[in-house]
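Q: model.cif (mmCIF, C-alpha atoms) pasted underneath:
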data_run
#
loop_
_atom_site.label_atom_id
_atom_site.label_comp_id
_atom_site.auth_asym_id
_atom_site.auth_seq_id
_atom_site.Cartn_x
_atom_site.Cartn_y
_atom_site.Cartn_z
CA MET N 25 -15.46 12.41 -23.19
CA PRO N 26 -12.23 12.99 -25.13
CA LEU N 27 -9.33 14.74 -23.43
CA SER N 28 -10.00 18.44 -23.62
CA GLN N 29 -7.18 20.79 -24.54
CA GLU N 30 -8.12 22.93 -21.56
CA ILE N 31 -7.48 20.14 -19.00
CA ILE N 32 -4.26 19.19 -20.81
CA ASP N 33 -3.02 22.78 -20.66
CA ARG N 34 -4.03 23.18 -17.01
CA THR N 35 -2.28 19.94 -16.05
CA LEU N 36 0.90 20.81 -17.94
CA ALA N 37 0.90 24.24 -16.29
CA THR N 38 1.23 22.68 -12.82
CA PRO N 39 4.74 22.03 -11.43
CA GLN N 40 3.91 18.31 -11.36
CA GLY N 41 2.65 18.31 -14.95
CA THR N 42 5.71 20.19 -16.17
CA ALA N 43 8.09 17.80 -14.41
CA ALA N 44 6.20 14.73 -15.69
CA TYR N 45 6.38 16.12 -19.25
CA HIS N 46 10.15 16.54 -18.99
CA ILE N 47 10.59 12.99 -17.64
CA VAL N 48 8.78 11.61 -20.70
CA GLU N 49 10.82 13.93 -22.89
CA LYS N 50 14.09 12.67 -21.41
CA LEU N 51 13.12 9.01 -21.80
CA THR N 52 11.97 9.63 -25.37
CA ASP N 53 15.23 11.39 -26.28
CA GLU N 54 17.11 8.31 -25.07
CA GLY N 55 15.10 6.08 -27.40
CA HIS N 56 12.63 4.72 -24.86
CA GLU N 57 8.85 4.73 -25.03
CA ALA N 58 7.13 6.53 -22.13
CA TRP N 59 3.51 7.38 -21.32
CA TRP N 60 1.46 8.87 -18.49
CA VAL N 61 -0.69 5.97 -17.33
CA GLY N 62 -3.66 4.91 -15.24
CA GLY N 63 -5.38 7.14 -12.72
CA CYS N 64 -3.88 10.40 -13.93
CA VAL N 65 -5.27 9.83 -17.44
CA ARG N 66 -8.62 8.75 -15.96
CA ASP N 67 -8.77 11.97 -13.93
CA MET N 68 -7.97 14.11 -16.96
CA LEU N 69 -10.74 12.42 -18.93
CA ILE N 70 -13.25 13.56 -16.31
CA ASP N 71 -11.77 17.08 -16.42
CA GLU N 72 -9.84 16.87 -13.15
CA ILE N 73 -6.19 17.81 -12.67
CA PRO N 74 -4.51 14.61 -11.42
CA GLU N 75 -3.01 14.52 -7.94
CA ASP N 76 -0.35 12.01 -8.99
CA ILE N 77 1.15 11.21 -12.37
CA ASP N 78 2.53 7.71 -12.92
CA ILE N 79 4.68 6.90 -15.93
CA ALA N 80 4.99 3.59 -17.79
CA THR N 81 8.05 3.08 -19.96
CA SER N 82 9.91 0.55 -22.07
CA ALA N 83 13.13 1.49 -20.20
CA LEU N 84 14.39 -1.16 -17.80
CA PRO N 85 14.92 -0.27 -14.12
CA ASP N 86 18.71 -0.06 -14.56
CA GLU N 87 18.25 2.30 -17.51
CA ILE N 88 15.87 4.48 -15.50
CA LYS N 89 18.37 4.72 -12.63
CA LYS N 90 21.15 5.81 -14.99
CA LEU N 91 18.99 8.58 -16.46
CA PHE N 92 17.68 10.01 -13.19
CA GLU N 93 20.11 10.70 -10.39
CA LYS N 94 17.46 11.33 -7.71
CA HIS N 95 15.72 7.99 -7.39
CA ASP N 96 14.58 5.33 -4.95
CA ALA N 97 14.82 1.75 -6.15
CA ALA N 98 13.06 0.09 -3.20
CA SER N 99 10.43 -1.46 -5.52
CA GLU N 100 12.85 -2.27 -8.32
CA SER N 101 12.04 -5.99 -8.16
CA TYR N 102 8.53 -5.11 -9.35
CA GLY N 103 9.89 -2.85 -12.07
CA SER N 104 9.12 0.44 -10.32
CA ILE N 105 11.57 3.25 -9.60
CA LEU N 106 10.60 6.41 -7.73
CA VAL N 107 12.10 9.48 -9.37
CA ALA N 108 12.24 12.95 -7.76
CA SER N 109 11.83 15.88 -10.10
CA GLY N 110 10.57 19.44 -9.74
CA GLY N 111 9.62 18.96 -6.10
CA ASP N 112 7.43 15.92 -6.82
CA VAL N 113 8.03 12.17 -6.81
CA PHE N 114 6.96 10.06 -9.78
CA GLU N 115 6.63 6.29 -10.07
CA LEU N 116 8.28 5.07 -13.26
CA THR N 117 7.37 1.48 -14.05
CA THR N 118 8.79 -0.69 -16.80
CA PHE N 119 6.19 -2.22 -19.13
CA ARG N 120 5.23 -5.63 -17.72
CA GLU N 121 3.24 -8.62 -18.83
CA ASP N 122 1.38 -11.25 -16.86
CA SER N 123 2.93 -14.41 -15.54
CA ALA N 124 0.88 -17.55 -15.07
CA ALA N 125 2.68 -18.16 -11.77
CA SER N 126 0.63 -16.63 -8.98
CA ASP N 127 -0.81 -17.82 -5.68
CA GLY N 128 -3.35 -14.97 -5.40
CA ARG N 129 -1.63 -13.71 -2.26
CA HIS N 130 1.27 -11.87 -3.85
CA PRO N 131 1.49 -9.73 -6.99
CA GLU N 132 2.20 -11.83 -10.05
CA ASN N 133 5.82 -12.48 -11.00
CA VAL N 134 7.28 -9.64 -13.01
CA ILE N 135 8.15 -10.17 -16.65
CA PHE N 136 9.40 -7.06 -18.42
CA THR N 137 8.31 -6.28 -21.97
CA LYS N 138 8.91 -3.58 -24.56
CA GLU N 139 5.27 -3.59 -25.64
CA LYS N 140 2.75 -1.27 -24.01
CA GLU N 141 -0.04 -3.46 -25.43
CA LYS N 142 1.05 -6.32 -23.15
CA ASP N 143 1.41 -3.89 -20.26
CA ALA N 144 -2.16 -2.71 -20.79
CA ALA N 145 -3.47 -6.28 -20.90
CA ARG N 146 -2.17 -7.00 -17.39
CA ARG N 147 -3.98 -4.06 -15.77
CA ASP N 148 -7.04 -4.73 -13.64
CA VAL N 149 -9.89 -2.60 -15.03
CA THR N 150 -10.39 -0.86 -18.35
CA ILE N 151 -10.42 2.65 -16.88
CA ASN N 152 -6.89 2.03 -15.58
CA ALA N 153 -5.56 0.79 -18.92
CA LEU N 154 -5.36 4.33 -20.29
CA TYR N 155 -2.12 5.86 -21.61
CA TYR N 156 -1.47 9.47 -22.59
CA HIS N 157 1.61 10.79 -24.37
CA PRO N 158 2.14 14.42 -23.28
CA ILE N 159 4.41 15.22 -26.24
CA SER N 160 2.38 13.76 -29.12
CA GLY N 161 -0.98 14.19 -27.41
CA GLU N 162 -1.93 10.61 -28.29
CA LEU N 163 -4.38 8.62 -26.14
CA PHE N 164 -3.77 4.86 -26.14
CA ASP N 165 -6.94 3.05 -25.03
CA PRO N 166 -6.87 -0.61 -26.15
CA PHE N 167 -9.80 -1.79 -23.98
CA GLU N 168 -12.22 1.10 -24.48
CA GLY N 169 -11.64 2.52 -21.02
CA GLU N 170 -12.78 5.95 -22.17
CA LYS N 171 -16.09 4.49 -23.30
CA ASP N 172 -16.51 2.67 -19.98
CA LEU N 173 -15.65 5.83 -18.08
CA ASN N 174 -18.37 7.65 -20.00
CA GLU N 175 -20.83 4.97 -18.79
CA ARG N 176 -19.25 5.01 -15.31
CA LEU N 177 -18.67 1.29 -15.88
CA ILE N 178 -16.17 -0.80 -13.93
CA ARG N 179 -15.10 -3.76 -16.05
CA ILE N 180 -12.23 -6.15 -15.29
CA ILE N 181 -10.00 -6.74 -18.32
CA GLY N 182 -10.22 -10.29 -19.68
CA ASP N 183 -11.62 -13.19 -17.65
CA ALA N 184 -12.77 -11.50 -14.41
CA GLU N 185 -12.46 -14.58 -12.18
CA LYS N 186 -9.01 -15.43 -13.53
CA ARG N 187 -7.77 -11.87 -13.00
CA ILE N 188 -8.91 -11.93 -9.38
CA GLU N 189 -7.22 -15.31 -8.89
CA GLU N 190 -3.94 -13.79 -10.12
CA ASP N 191 -4.00 -11.22 -7.32
CA ASN N 192 -6.80 -11.24 -4.76
CA LEU N 193 -6.14 -7.60 -3.91
CA ARG N 194 -8.16 -6.82 -7.04
CA LEU N 195 -11.28 -7.65 -5.00
CA LEU N 196 -10.68 -4.45 -3.07
CA ARG N 197 -9.17 -2.35 -5.84
CA VAL N 198 -12.12 -2.89 -8.17
CA ILE N 199 -14.58 -1.86 -5.47
CA ARG N 200 -12.47 1.18 -4.61
CA PHE N 201 -12.42 2.38 -8.21
CA LYS N 202 -16.18 1.94 -8.53
CA ALA N 203 -16.73 4.06 -5.42
CA TYR N 204 -14.27 6.67 -6.68
CA ILE N 205 -16.24 7.32 -9.88
CA GLU N 206 -19.64 6.57 -8.27
CA GLY N 207 -19.97 3.97 -10.98
CA GLN N 208 -21.59 0.64 -11.74
CA TYR N 209 -20.31 -2.85 -12.43
CA HIS N 210 -20.22 -4.89 -15.60
CA PRO N 211 -22.30 -8.00 -14.73
CA ASP N 212 -19.34 -10.36 -15.20
CA THR N 213 -17.22 -8.24 -12.89
CA PHE N 214 -19.86 -8.21 -10.13
CA LYS N 215 -20.40 -11.98 -10.39
CA ALA N 216 -16.65 -12.58 -10.10
CA LEU N 217 -16.35 -10.34 -7.02
CA HIS N 218 -19.13 -12.29 -5.33
CA LYS N 219 -17.87 -15.72 -6.37
CA LYS N 220 -14.28 -15.02 -5.26
CA SER N 221 -15.17 -13.11 -2.07
CA LYS N 222 -13.63 -15.62 0.35
CA SER N 223 -10.30 -15.35 -1.48
CA ILE N 224 -9.71 -12.07 0.36
CA GLU N 225 -8.53 -14.20 3.30
CA LYS N 226 -5.44 -15.22 1.32
CA LEU N 227 -4.02 -11.69 1.44
CA SER N 228 -1.61 -10.57 4.13
CA GLY N 229 -3.01 -8.23 6.76
CA THR N 230 -0.75 -5.45 5.53
CA ARG N 231 -2.03 -5.57 1.95
CA ARG N 232 -5.65 -5.62 3.17
CA PHE N 233 -5.00 -2.73 5.57
CA LYS N 234 -3.43 -0.51 2.91
CA GLU N 235 -6.31 -0.97 0.49
CA ILE N 236 -9.01 -0.46 3.15
CA GLU N 237 -7.28 2.74 4.22
CA LYS N 238 -7.36 3.99 0.62
CA ILE N 239 -11.10 3.28 0.60
CA LEU N 240 -11.62 5.18 3.86
CA LEU N 241 -9.63 8.15 2.55
CA GLY N 242 -11.50 8.16 -0.75
CA PRO N 243 -14.47 10.35 -1.66
CA HIS N 244 -17.19 7.72 -1.06
CA PRO N 245 -16.22 5.07 1.49
CA GLU N 246 -19.89 4.40 2.19
CA ILE N 247 -20.39 3.21 -1.41
CA ALA N 248 -17.40 0.88 -1.12
CA LEU N 249 -18.58 -0.56 2.21
CA GLU N 250 -22.06 -1.24 0.83
CA ASP N 251 -20.45 -3.06 -2.11
CA LEU N 252 -18.18 -5.04 0.19
CA TRP N 253 -21.29 -6.17 2.06
CA GLU N 254 -23.28 -6.95 -1.10
CA THR N 255 -20.47 -9.08 -2.55
CA ASP N 256 -19.90 -10.91 0.79
CA ILE N 257 -16.26 -9.77 0.83
CA LEU N 258 -16.84 -7.87 4.08
CA GLU N 259 -17.79 -11.05 5.92
CA TYR N 260 -14.25 -12.37 5.37
CA LEU N 261 -12.47 -9.01 5.41
CA LEU N 262 -13.95 -7.24 8.46
CA PRO N 263 -16.42 -9.62 10.13
CA GLU N 264 -16.70 -7.21 13.07
CA VAL N 265 -18.14 -4.51 10.80
CA HIS N 266 -20.19 -7.03 8.81
CA ALA N 267 -21.92 -8.04 12.07
CA CYS N 268 -23.37 -4.52 12.44
CA LYS N 269 -25.87 -5.16 9.63
CA GLY N 270 -29.34 -5.92 11.00
CA VAL N 271 -28.56 -4.95 14.61
CA ALA N 272 -31.53 -2.83 15.66
CA GLN N 273 -31.17 0.34 17.73
CA PRO N 274 -33.61 2.28 19.96
CA ALA N 275 -36.00 3.86 17.46
CA HIS N 276 -36.39 7.14 19.36
CA LEU N 277 -32.61 7.62 19.55
CA HIS N 278 -31.72 6.29 16.11
CA PRO N 279 -34.51 6.90 13.60
CA GLU N 280 -31.98 6.23 10.82
CA GLY N 281 -32.28 2.52 11.59
CA ASP N 282 -29.83 -0.22 12.53
CA VAL N 283 -26.16 0.05 13.47
CA TRP N 284 -25.09 -0.43 9.85
CA ASN N 285 -27.23 2.48 8.64
CA HIS N 286 -25.75 4.66 11.38
CA VAL N 287 -22.18 3.79 10.40
CA MET N 288 -22.87 4.36 6.69
CA ARG N 289 -24.28 7.84 7.45
CA ILE N 290 -21.04 8.59 9.29
CA LEU N 291 -18.82 7.36 6.46
CA SER N 292 -20.70 9.58 4.03
CA SER N 293 -20.09 12.58 6.31
CA PHE N 294 -16.28 12.59 6.33
CA THR N 295 -14.64 15.91 5.50
CA GLU N 296 -11.05 16.74 4.58
CA ASP N 297 -10.41 17.51 8.27
CA HIS N 298 -11.00 13.90 9.25
CA GLU N 299 -7.69 12.10 9.02
CA LYS N 300 -7.12 8.38 8.78
CA ASP N 301 -7.21 7.38 12.48
CA VAL N 302 -10.52 9.17 13.03
CA ARG N 303 -11.94 7.42 9.97
CA TRP N 304 -10.87 4.00 11.23
CA ALA N 305 -12.34 4.79 14.65
CA ALA N 306 -15.61 5.88 13.02
CA LEU N 307 -15.78 2.60 11.09
CA PHE N 308 -15.26 0.53 14.26
CA HIS N 309 -16.88 2.74 16.92
CA ASP N 310 -20.05 0.65 17.29
CA THR N 311 -18.62 -2.82 16.67
CA GLY N 312 -19.30 -3.57 20.34
CA LYS N 313 -23.06 -3.29 19.78
CA PRO N 314 -23.68 -6.70 18.20
CA LYS N 315 -22.07 -8.32 21.25
CA THR N 316 -23.90 -6.19 23.84
CA PHE N 317 -27.42 -6.06 22.37
CA SER N 318 -30.16 -6.51 24.95
CA ILE N 319 -33.82 -5.51 25.23
CA ASP N 320 -36.12 -5.08 28.21
CA ALA N 321 -39.48 -3.48 28.93
CA ASP N 322 -37.92 -0.07 28.47
CA ARG N 323 -35.98 -0.25 25.20
CA ILE N 324 -32.96 -1.70 23.37
CA HIS N 325 -29.68 -1.35 25.28
CA PHE N 326 -25.98 -1.75 24.45
CA ASN N 327 -24.41 -1.73 27.89
CA ASP N 328 -20.65 -1.02 27.89
CA HIS N 329 -20.52 -1.31 24.10
CA ALA N 330 -17.75 1.28 23.81
CA SER N 331 -15.31 -0.74 25.94
CA VAL N 332 -16.28 -3.97 24.22
CA GLY N 333 -15.88 -2.21 20.88
CA ALA N 334 -12.36 -1.12 21.82
CA ASP N 335 -11.39 -4.75 22.42
CA VAL N 336 -13.02 -5.79 19.14
CA THR N 337 -11.13 -3.01 17.37
CA LYS N 338 -7.77 -4.10 18.75
CA GLU N 339 -8.35 -7.66 17.64
CA ALA N 340 -9.34 -6.58 14.13
CA LEU N 341 -6.44 -4.16 13.73
CA ASP N 342 -3.98 -6.79 14.95
CA ARG N 343 -5.26 -9.04 12.18
CA LEU N 344 -4.58 -6.20 9.72
CA GLN N 345 -1.04 -5.88 11.12
CA PHE N 346 -1.40 -2.32 12.38
CA THR N 347 1.45 -0.85 14.37
CA SER N 348 0.73 -1.07 18.09
CA SER N 349 0.75 2.72 18.48
CA ARG N 350 -1.93 3.28 15.82
CA ARG N 351 -3.96 0.31 17.03
CA ASP N 352 -3.97 1.61 20.61
CA LYS N 353 -4.88 5.13 19.54
CA ILE N 354 -7.84 4.02 17.40
CA ALA N 355 -9.05 1.66 20.14
CA TRP N 356 -8.77 4.53 22.67
CA LEU N 357 -10.99 6.70 20.47
CA VAL N 358 -13.54 3.89 20.19
CA LYS N 359 -13.48 3.28 23.94
CA HIS N 360 -14.23 6.92 24.80
CA HIS N 361 -16.67 7.86 22.03
CA MET N 362 -19.64 7.80 24.46
CA MET N 363 -18.17 10.40 26.84
CA MET N 364 -19.89 13.53 25.53
CA ALA N 365 -22.38 13.83 28.39
CA ALA N 366 -19.66 13.28 31.03
CA PHE N 367 -17.91 16.61 30.40
CA SER N 368 -20.77 18.66 31.86
CA GLU N 369 -20.10 17.05 35.27
CA MET N 370 -16.31 17.38 35.38
CA ASP N 371 -14.38 19.88 37.48
CA ASP N 372 -11.49 21.81 35.95
CA LYS N 373 -8.84 19.43 37.20
CA ARG N 374 -10.53 16.43 35.61
CA LYS N 375 -11.22 18.38 32.41
CA ALA N 376 -7.51 19.11 32.17
CA HIS N 377 -6.82 15.38 31.94
CA TRP N 378 -8.92 15.31 28.77
CA TYR N 379 -8.49 18.75 27.23
CA TYR N 380 -4.70 18.43 27.34
CA HIS N 381 -4.77 14.89 25.98
CA PRO N 382 -2.90 14.62 22.66
CA TRP N 383 -5.83 12.80 21.02
CA PHE N 384 -8.67 14.90 22.40
CA LEU N 385 -9.27 16.90 19.22
CA GLU N 386 -9.68 13.64 17.29
CA LEU N 387 -12.07 12.42 19.98
CA LEU N 388 -14.07 15.60 19.42
CA GLN N 389 -14.20 14.78 15.72
CA LEU N 390 -15.51 11.30 16.52
CA PHE N 391 -18.16 12.87 18.81
CA TRP N 392 -19.26 15.05 15.91
CA LEU N 393 -19.39 12.16 13.44
CA ASP N 394 -21.33 9.97 15.87
CA MET N 395 -23.78 12.82 16.38
CA ILE N 396 -24.48 13.57 12.73
CA GLY N 397 -24.70 9.87 11.95
CA THR N 398 -28.06 10.02 13.73
CA GLN N 399 -30.97 11.11 11.56
CA ASP N 400 -32.57 13.70 13.89
CA TYR N 401 -29.40 14.87 15.60
CA LYS N 402 -29.11 17.92 17.84
CA THR N 403 -25.83 19.76 18.37
CA ASP N 404 -26.53 21.38 21.77
CA LEU N 405 -24.33 19.09 23.86
CA TYR N 406 -21.49 19.06 21.34
CA ASP N 407 -21.61 22.86 21.05
CA LYS N 408 -21.37 23.17 24.84
CA ILE N 409 -18.26 20.97 24.93
CA ILE N 410 -16.59 23.07 22.22
CA GLU N 411 -17.46 26.27 24.06
CA ASP N 412 -16.18 24.91 27.38
CA TYR N 413 -13.02 23.53 25.76
CA ASN N 414 -12.17 26.92 24.27
CA LYS N 415 -12.94 28.75 27.53
CA PHE N 416 -10.78 26.30 29.48
CA LEU N 417 -7.80 26.74 27.17
CA ASP N 418 -8.21 30.53 27.29
CA ALA N 419 -8.02 30.36 31.09
CA HIS N 420 -5.33 27.65 31.16
CA PRO N 421 -3.29 28.18 27.99
CA ARG N 422 -0.89 25.54 26.82
CA PRO N 423 2.74 26.53 26.30
CA LYS N 424 3.17 27.43 22.63
CA LYS N 425 5.68 24.65 22.15
CA PRO N 426 5.16 21.66 24.47
CA LEU N 427 8.50 20.19 25.45
CA ILE N 428 7.30 16.61 25.06
CA SER N 429 4.35 14.86 23.44
CA GLY N 430 1.80 12.47 24.86
CA ASP N 431 3.18 9.67 22.66
CA GLU N 432 6.66 10.24 24.08
CA ILE N 433 5.25 10.11 27.61
CA MET N 434 3.61 6.77 26.89
CA ASP N 435 6.85 5.40 25.45
CA LEU N 436 8.98 6.63 28.36
CA MET N 437 6.63 5.34 31.04
CA ASP N 438 5.44 2.27 29.13
CA ILE N 439 1.79 3.13 29.82
CA GLU N 440 -1.39 2.83 27.78
CA PRO N 441 -3.39 5.83 26.52
CA GLY N 442 -5.65 7.27 29.22
CA GLU N 443 -6.12 9.85 31.94
CA LYS N 444 -2.61 9.35 33.32
CA VAL N 445 -1.16 10.87 30.14
CA GLY N 446 -3.35 13.95 30.57
CA GLU N 447 -2.28 14.30 34.20
CA ILE N 448 1.40 14.25 33.30
CA LEU N 449 0.90 16.73 30.44
CA GLU N 450 -0.90 19.03 32.87
CA MET N 451 1.91 18.78 35.41
CA LEU N 452 4.52 19.50 32.74
CA HIS N 453 2.40 22.38 31.49
CA GLU N 454 2.33 24.02 34.94
CA LYS N 455 6.06 23.52 35.48
CA GLN N 456 6.83 24.91 32.03
CA ILE N 457 4.74 28.02 32.70
CA LYS N 458 6.54 28.51 36.03
CA LYS N 459 9.84 27.91 34.20
CA GLU N 460 10.68 25.05 36.58
CA ILE N 461 11.26 22.92 33.47
CA THR N 462 12.77 24.66 30.45
CA SER N 463 14.13 21.92 28.18
CA LYS N 464 13.09 18.59 26.72
CA LYS N 465 15.90 16.89 28.65
CA GLU N 466 14.56 18.27 31.94
CA ALA N 467 11.04 17.16 30.97
CA MET N 468 12.25 13.63 30.26
CA GLU N 469 14.13 13.48 33.57
CA PHE N 470 11.00 14.64 35.40
CA ILE N 471 8.95 11.90 33.72
CA LYS N 472 11.55 9.24 34.55
CA GLN N 473 11.34 10.25 38.23
CA LEU N 474 7.59 9.65 38.14
#
Would you mind giving the structure from this file in structure tokens?
A:
Amino acid sequence: MPLSQEIIDRTLATPQGTAAYHIVEKLTDEGHEAWWVGGCVRDMLIDEIPEDIDIATSALPDEIKKLFEKHDAASESYGSILVASGGDVFELTTFREDSAASDGRHPENVIFTKEKEKDAARRDVTINALYYHPISGELFDPFEGEKDLNERLIRIIGDAEKRIEEDNLRLLRVIRFKAYIEGQYHPDTFKALHKKSKSIEKLSGTRRFKEIEKILLGPHPEIALEDLWETDILEYLLPEVHACKGVAQPAHLHPEGDVWNHVMRILSSFTEDHEKDVRWAALFHDTGKPKTFSIDADRIHFNDHASVGADVTKEALDRLQFTSSRRDKIAWLVKHHMMMAAFSEMDDKRKAHWYYHPWFLELLQLFWLDMIGTQDYKTDLYDKIIEDYNKFLDAHPRPKKPLISGDEIMDLMDIEPGEKVGEILEMLHEKQIKKEITSKKEAMEFIKQL
């Protein structure tokens, strides 16, 4: 699948493509080598306009900074400079080669080089060791990444086990790339992932979190999660999710099978509307079930699994070094994901606590995902909630511009997410409508008095 002239022209016609062309042009004019590299070239080879264009260059970080006034050198120690141009931000990275010094926990030590061949050799998989020169039109592909891409093959460059030992994050990156192209593994790559699976524990929580989030935001998180389970990485990465495999559910309620099957159906149902916190909540929403499984003469039960799951979620997200605000929000969503039936019994005052809650729309999204994650799902109850929610807001409209957010209320009062936040938002709403409170300062003073 050679680069087509059509995709080249379409990419160069975008503001990002034009700006990236001129960056290469400027570096070239100054005597430096510069290439578009990695994912952007991979995307173009499969006839997709890249979302991001990264640039690899022989120019040293100091030389890059002198050439481009608008830059951010926060990652300069790793050879990367962020350059703003044409309304976009581009990562310009100096050619690097591998260092033998690595503990597997941190990226390898940076050694700069003038040779793109050495830079290519240090990349993780062949489909990322692709370089395109937008001026000459040349494709540099030293490890037959184009051929592998044609076979949808994920192959680690060089000795697969050694490359994972250099940086254990590659355990997750390799799986993410395979899911992205709906591909398959080279046998040596799969064996290395399985053999080195426990090494994932060496990584900091932050590095694990960032890569898992990329997986969840990708096009096929369900493929990646299945691979994480098959390689045993998941057992050491997210043991709470790993435990969902083989946990049976009531057959008449969940004909799709066990808890794992249910979660995988959900992950495959994400749409662009589902943002990252909802996706995390969907991944963890039933992690309370393995701990609450019971069976009697009637059927299988998971009593209080949502509350237990919220505690499990908090513990897992703490291990991944989440911020407390995101951790609490995701755990709140997990804790309340079984509430759908409760809304039919609420009076208007109690509904206001929920319908005005800053996270209610995301809770609705989790309701929907939980529903369609069941094989023979029915939408009647969900549709009734949506209808009632819209009717309620028509009868009790929010002010167009709330003076203060639910998050600010929680910070000011030092309270956890819950009904109290909805109550305060409702009170502020009424006072704002009556013009008893007309500014954010007055709203904050009112909250402090509470």
Q: What do you get, as a list in words, if you spell out every residue that the PyMOL selection byres ((chain N and resi 92-95) around 8) selects here?
A: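 Output of the PyMOL selection byres ((chain N and resi 92-95) around 8): Ile88, Lys89, Lys90, Leu91, Asp96, Ala97, Ile105, Leu106, Val107, Ala108 and Ser109 of chain N.
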Q: What does the distance from atom CA of N:Leu177 to atom CA of N:Gly103 come to in Å, to one decimal?
A: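 Value for the atom CA of N:Leu177-atom CA of N:Gly103 distance: 29.1 Å.
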Q: From the list N:Glu440, N:Asp431, N:Glu189, N:Glu141, which residue is nearest N:Ala355 when using only C-alpha atoms?
A: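 Counting only C-alpha atoms, the residue closest to N:Ala355 is N:Glu440.
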Q: Between atom CA of N:Glu206 and atom CA of N:Thr398, what is the distance in Å, rounded to a tenth?
A: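 A separation of 23.8 Å between them.
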Q: I'd like to know which of N:Met288, N:Leu452, N:Ile257, N:Leu387 is closest to N:Lys269, using all atoms listed in the file.
A: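 Ranking N:Met288, N:Leu452, N:Ile257, N:Leu387 by distance to N:Lys269, first place goes to N:Met288.
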